[in-house]
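Working notes for the structure below.
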Amino acid sequence: MNLNRILFLGSVTAIILVGAFAPMESVSAGEPAAANDHTSSSYTELSTVNSPEIPASVKFAGKEISLDPIDMWERLDRELTAMSYTHGNTLLAIKRANRYFPVIAPILKEQGVPSDIIYLAAIESTLNPHAVSVAKAAGMWQFMPSTAKEYGLEVNDEVDQRYDVEKSTRAACKYLKDAYKKYGNWESVAASYNGGMGRVSKELAAQNATSAYDLWLADETMRYIFRLLAMKMIMENPQKYGFSLRANQLYQPIEYTTVNVNGAIEDWPAWAKEKGIDYITLREHNPWIRAKSLTNKSGKSYTVKIPTQQSLSRSKQKTTVYNPSWVTE
């Protein structure tokens, strides 16, 4: 190849490379590119992101908690910020609370457990009675099978009372009261619900502490009690943290008739049809039923809920609001 041809090819290559990396120009040489024109209608400004306000103190289960210590302030700020901007789960918790708080709250009161403990169910399962964790904890209160049995719940292939809201709430109350007898404060009770009584008791002794607020634990357990505080703050005043709901967007309580079953059920789908509902409705409102049949050799008594037709209709169900602060209208 002669020298002139080499020089020619080199010039062509250089022109191509310059063209490839040169900025795009507008069609008209006299007009600036629209992409660089911040005054054009196509330019979108970033939305404002507000950091939630952290108060000087918060109250939980009747106890005033100072947030003056830097670590306390920052730990709550982390959880309140995360929860405020994880919109989906927090929003669902508020919606479901309208259905389930009227069921859970009276049981807590009856069992002598502080009303604020209701928010523990919210952070455990987002108030979903069908919830199952990777570790196989189940139900609204996220009981492991062994702990559920220890506190009186039936767990097998046909019946799993971890999914029964009323029964699992009573079992949770038993656990919580046992833990309170051991620790004497509800923050350590809450930490033990996440990390286990054995672990929390061991670390309280090893670290010469009396409160879980002062413990160095696994990150999940250390965050847990502040998630509880954050959930309470949001659910007491959702609008303050950017959540806007109307009354008809809250999940409404369901009205039921009940049937006591004392024997075996060979075919739950057929049984449901006889009661005027379908199998999916039976399972949705009685999630403790875990199979299509019930052996029940011991003749135990089970209460089956049959939702009223009015409750299952958006246009016919009654609209109630458990906490007026949850809605804007």
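Letters for chains follow the order of the structure tokens (A, B, ...), residue numbers begin at 1 for each chain, and ligand numbers begin at 1 in the order shown.
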
Would you mind listing what lies within 9 Å of stretch 234-243 of chain A as number ranges by chain, with only C-alpha atoms counted and same-chain residues fewer than 4 positions away left out? A: 52-53, 80, 83-85, 87, 90-91, 93-94, 97, 119, 229-230, 323, 325-328

Given only C-alpha atoms, how would the per-residue table for stretch 71-178 of chain A near stretch 293-313 of chain A read, listing every residue at most 10 Å away with its closest atom pair and distance in Å to one decimal, sorted by chain and number, as a tab-separated table?
residue	atom	partner	partner_atom	distance
A:Asp157	CA	A:Leu294	CA	9.6
A:Glu158	CA	A:Leu294	CA	6.1
A:Val159	CA	A:Leu294	CA	8.0

Run DSSP on the backbone and grab whatever in stretch 44-215 of chain A lands in strand (DSSP E); send it over as an mmCIF file with N, CA and C atoms, in the first residue's frame.
data_model
loop_
_atom_site.group_PDB
_atom_site.id
_atom_site.type_symbol
_atom_site.label_atom_id
_atom_site.label_comp_id
_atom_site.auth_asym_id
_atom_site.auth_seq_id
_atom_site.Cartn_x
_atom_site.Cartn_y
_atom_site.Cartn_z
ATOM 1 N N SER A 57 -39.015 13.240 71.846
ATOM 2 C CA SER A 57 -39.277 11.988 72.559
ATOM 3 C C SER A 57 -40.515 11.337 71.964
ATOM 4 N N VAL A 58 -40.673 10.064 72.214
ATOM 5 C CA VAL A 58 -41.869 9.332 71.811
ATOM 6 C C VAL A 58 -42.341 8.499 72.994
ATOM 7 N N LYS A 59 -43.613 8.141 72.958
ATOM 8 C CA LYS A 59 -44.160 7.318 74.034
ATOM 9 C C LYS A 59 -44.559 5.970 73.464
ATOM 10 N N PHE A 60 -44.186 4.908 74.178
ATOM 11 C CA PHE A 60 -44.585 3.558 73.770
ATOM 12 C C PHE A 60 -44.940 2.748 75.007
ATOM 13 N N LYS A 63 -44.513 4.460 78.302
ATOM 14 C CA LYS A 63 -43.164 4.881 78.694
ATOM 15 C C LYS A 63 -42.649 5.954 77.754
ATOM 16 N N GLU A 64 -42.152 7.059 78.311
ATOM 17 C CA GLU A 64 -41.583 8.141 77.514
ATOM 18 C C GLU A 64 -40.136 7.795 77.149
ATOM 19 N N ILE A 65 -39.827 7.884 75.868
ATOM 20 C CA ILE A 65 -38.511 7.492 75.381
ATOM 21 C C ILE A 65 -37.816 8.719 74.822
ATOM 22 N N SER A 66 -36.719 9.135 75.450
ATOM 23 C CA SER A 66 -35.973 10.304 74.991
ATOM 24 C C SER A 66 -35.209 9.976 73.714
#

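Closest approach to A:Thr81 among A:Lys273, A:Arg246, A:Arg227, A:Arg162: A:Arg227, based on only C-alpha atoms.
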
For the contact check between stretch 80-160 of chain A and stretch 278-289 of chain A, emit one row per residue of stretch 80-160 of chain A within 10 Å, containing the shortest atom pair and the distance in Å rounded to one decimal, counting only C-alpha atoms, chain then rising number order, as JSON lines.
{"residue": "A:Pro129", "atom": "CA", "partner": "A:Pro287", "partner_atom": "CA", "distance": 7.6}
{"residue": "A:His130", "atom": "CA", "partner": "A:Pro287", "partner_atom": "CA", "distance": 6.8}
{"residue": "A:Gly139", "atom": "CA", "partner": "A:Pro287", "partner_atom": "CA", "distance": 8.9}
{"residue": "A:Glu154", "atom": "CA", "partner": "A:Trp288", "partner_atom": "CA", "distance": 9.3}
{"residue": "A:Val155", "atom": "CA", "partner": "A:Trp288", "partner_atom": "CA", "distance": 9.0}
{"residue": "A:Asn156", "atom": "CA", "partner": "A:Trp288", "partner_atom": "CA", "distance": 9.9}
{"residue": "A:Asp157", "atom": "CA", "partner": "A:Ile289", "partner_atom": "CA", "distance": 9.0}
{"residue": "A:Glu158", "atom": "CA", "partner": "A:Ile289", "partner_atom": "CA", "distance": 6.2}
{"residue": "A:Val159", "atom": "CA", "partner": "A:Ile289", "partner_atom": "CA", "distance": 5.2}
{"residue": "A:Asp160", "atom": "CA", "partner": "A:Trp288", "partner_atom": "CA", "distance": 4.7}

I'd like the contact shell of stretch 142-148 of chain A - 8 Å cut-off, only C-alpha atoms, skipping same-chain residues fewer than 2 positions apart - returned as a VMD selection string. chain A and resid 124 to 125 131 to 133 136 to 140 150 to 155 162 171

Same residues, C-alpha atoms, saved as a tab-separated table (two decimals), in the first residue's frame:
chain	number	residue	atom	x	y	z
A	124	GLU	CA	-44.47	-8.61	61.58
A	125	SER	CA	-46.85	-9.30	58.71
A	131	ALA	CA	-48.26	-14.16	55.56
A	132	VAL	CA	-45.45	-16.77	55.49
A	133	SER	CA	-41.78	-15.89	55.96
A	136	LYS	CA	-41.66	-20.60	57.68
A	137	ALA	CA	-43.05	-18.31	60.37
A	138	ALA	CA	-46.73	-17.89	59.57
A	139	GLY	CA	-49.82	-15.83	60.19
A	140	MET	CA	-50.35	-12.27	61.30
A	150	GLU	CA	-45.89	-24.28	72.85
A	151	TYR	CA	-48.52	-21.56	73.20
A	152	GLY	CA	-51.49	-23.76	72.46
A	153	LEU	CA	-51.99	-23.48	68.70
A	154	GLU	CA	-52.71	-26.52	66.56
A	155	VAL	CA	-50.30	-26.88	63.63
A	162	ARG	CA	-51.26	-19.60	63.29
A	171	ALA	CA	-51.25	-16.98	71.78

Quick one: residues within 8 Å of stretch 223-225 of chain A, only C-alpha atoms counted, chain neighbours fewer than 4 positions away excluded, as a ChimeraX atom specification? /A:75,79,187,190-191,194,213,219,229

Would you save the residues of that selection, restricted to all heavy atoms, as a compact mmCIF listing (two decimals), in the first residue's frame?
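Here's the written file part.txt:
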# COMPACT_ATOMS: atom_id res chain seq x y z
N ARG A 75 -31.42 6.06 64.90
CA ARG A 75 -32.03 4.75 64.68
C ARG A 75 -33.51 4.89 64.33
O ARG A 75 -34.02 4.20 63.45
CB ARG A 75 -31.82 3.86 65.90
CG ARG A 75 -30.38 3.41 66.08
CD ARG A 75 -30.10 2.90 67.47
NE ARG A 75 -30.67 1.57 67.69
CZ ARG A 75 -30.64 0.95 68.88
NH1 ARG A 75 -30.09 1.54 69.93
NH2 ARG A 75 -31.17 -0.26 69.00
N GLU A 79 -35.57 4.24 60.47
CA GLU A 79 -36.77 3.42 60.26
C GLU A 79 -37.95 4.25 59.79
O GLU A 79 -38.73 3.82 58.94
CB GLU A 79 -37.13 2.66 61.55
CG GLU A 79 -36.03 1.78 62.09
CD GLU A 79 -35.42 0.85 61.05
OE1 GLU A 79 -36.17 0.36 60.16
OE2 GLU A 79 -34.21 0.61 61.09
N GLU A 187 -39.94 -2.80 75.57
CA GLU A 187 -38.98 -2.78 74.46
C GLU A 187 -38.16 -4.08 74.42
O GLU A 187 -37.86 -4.61 73.34
CB GLU A 187 -38.06 -1.56 74.54
CG GLU A 187 -37.13 -1.50 75.74
CD GLU A 187 -37.72 -0.75 76.93
OE1 GLU A 187 -38.95 -0.60 76.96
OE2 GLU A 187 -36.93 -0.33 77.80
N ALA A 190 -40.43 -6.74 73.00
CA ALA A 190 -40.50 -6.65 71.54
C ALA A 190 -39.24 -7.22 70.89
O ALA A 190 -39.31 -7.95 69.90
CB ALA A 190 -40.71 -5.20 71.11
N ALA A 191 -38.08 -6.90 71.45
CA ALA A 191 -36.82 -7.43 70.91
C ALA A 191 -36.80 -8.95 70.99
O ALA A 191 -36.33 -9.62 70.07
CB ALA A 191 -35.63 -6.84 71.66
N ASN A 194 -38.58 -10.78 68.23
CA ASN A 194 -37.81 -10.93 67.00
C ASN A 194 -36.60 -11.84 67.18
O ASN A 194 -36.35 -12.72 66.35
CB ASN A 194 -37.34 -9.56 66.51
CG ASN A 194 -36.48 -9.64 65.27
OD1 ASN A 194 -35.25 -9.62 65.36
ND2 ASN A 194 -37.11 -9.76 64.11
N TYR A 213 -33.02 -1.25 74.37
CA TYR A 213 -32.52 -0.05 73.70
C TYR A 213 -31.00 0.07 73.85
O TYR A 213 -30.34 0.70 73.03
CB TYR A 213 -33.17 1.21 74.28
CG TYR A 213 -34.62 1.38 73.93
CD1 TYR A 213 -35.58 1.58 74.91
CD2 TYR A 213 -35.04 1.38 72.59
CE1 TYR A 213 -36.92 1.76 74.58
CE2 TYR A 213 -36.38 1.55 72.26
CZ TYR A 213 -37.31 1.73 73.26
OH TYR A 213 -38.63 1.90 72.93
N ASP A 219 -28.41 -6.95 63.68
CA ASP A 219 -28.95 -5.71 63.11
C ASP A 219 -30.46 -5.74 63.00
O ASP A 219 -31.14 -4.75 63.33
CB ASP A 219 -28.33 -5.48 61.72
CG ASP A 219 -28.71 -4.12 61.16
OD1 ASP A 219 -28.42 -3.11 61.81
OD2 ASP A 219 -29.29 -4.07 60.07
N LEU A 229 -41.68 1.63 66.76
CA LEU A 229 -41.97 3.04 67.07
C LEU A 229 -42.38 3.79 65.80
O LEU A 229 -43.32 4.60 65.82
CB LEU A 229 -40.75 3.71 67.69
CG LEU A 229 -40.26 3.16 69.03
CD1 LEU A 229 -39.00 3.91 69.47
CD2 LEU A 229 -41.33 3.26 70.10

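Going from atom CA of A:Asp116 over to atom CA of A:Leu228, you cover 9.0 Å.
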
Would you list the contacts of A:Leu250 as a ChimeraX atom specification, taking every protein, DNA or RNA residue within 7 Å and counting only C-alpha atoms, but skipping same-chain residues closer than 4 positions in sequence? /A:95-96,98

Using DSSP on the backbone coordinates, identify the residues of stretch 31-231 of chain A assigned to helix (DSSP H, G or I); present them as an MDAnalysis selection string. chainID A and resid 34:36 70:85 87:110 115:125 145:150 161:163 165:183 186:195 197:206 212:214 219:231

Atom pair atom CA of A:Ile123 + atom CA of A:Lys202, distance 24.6 Å

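When atom CA of A:Ser188 is paired with atom CA of A:Phe101, their separation reads 23.4 Å.
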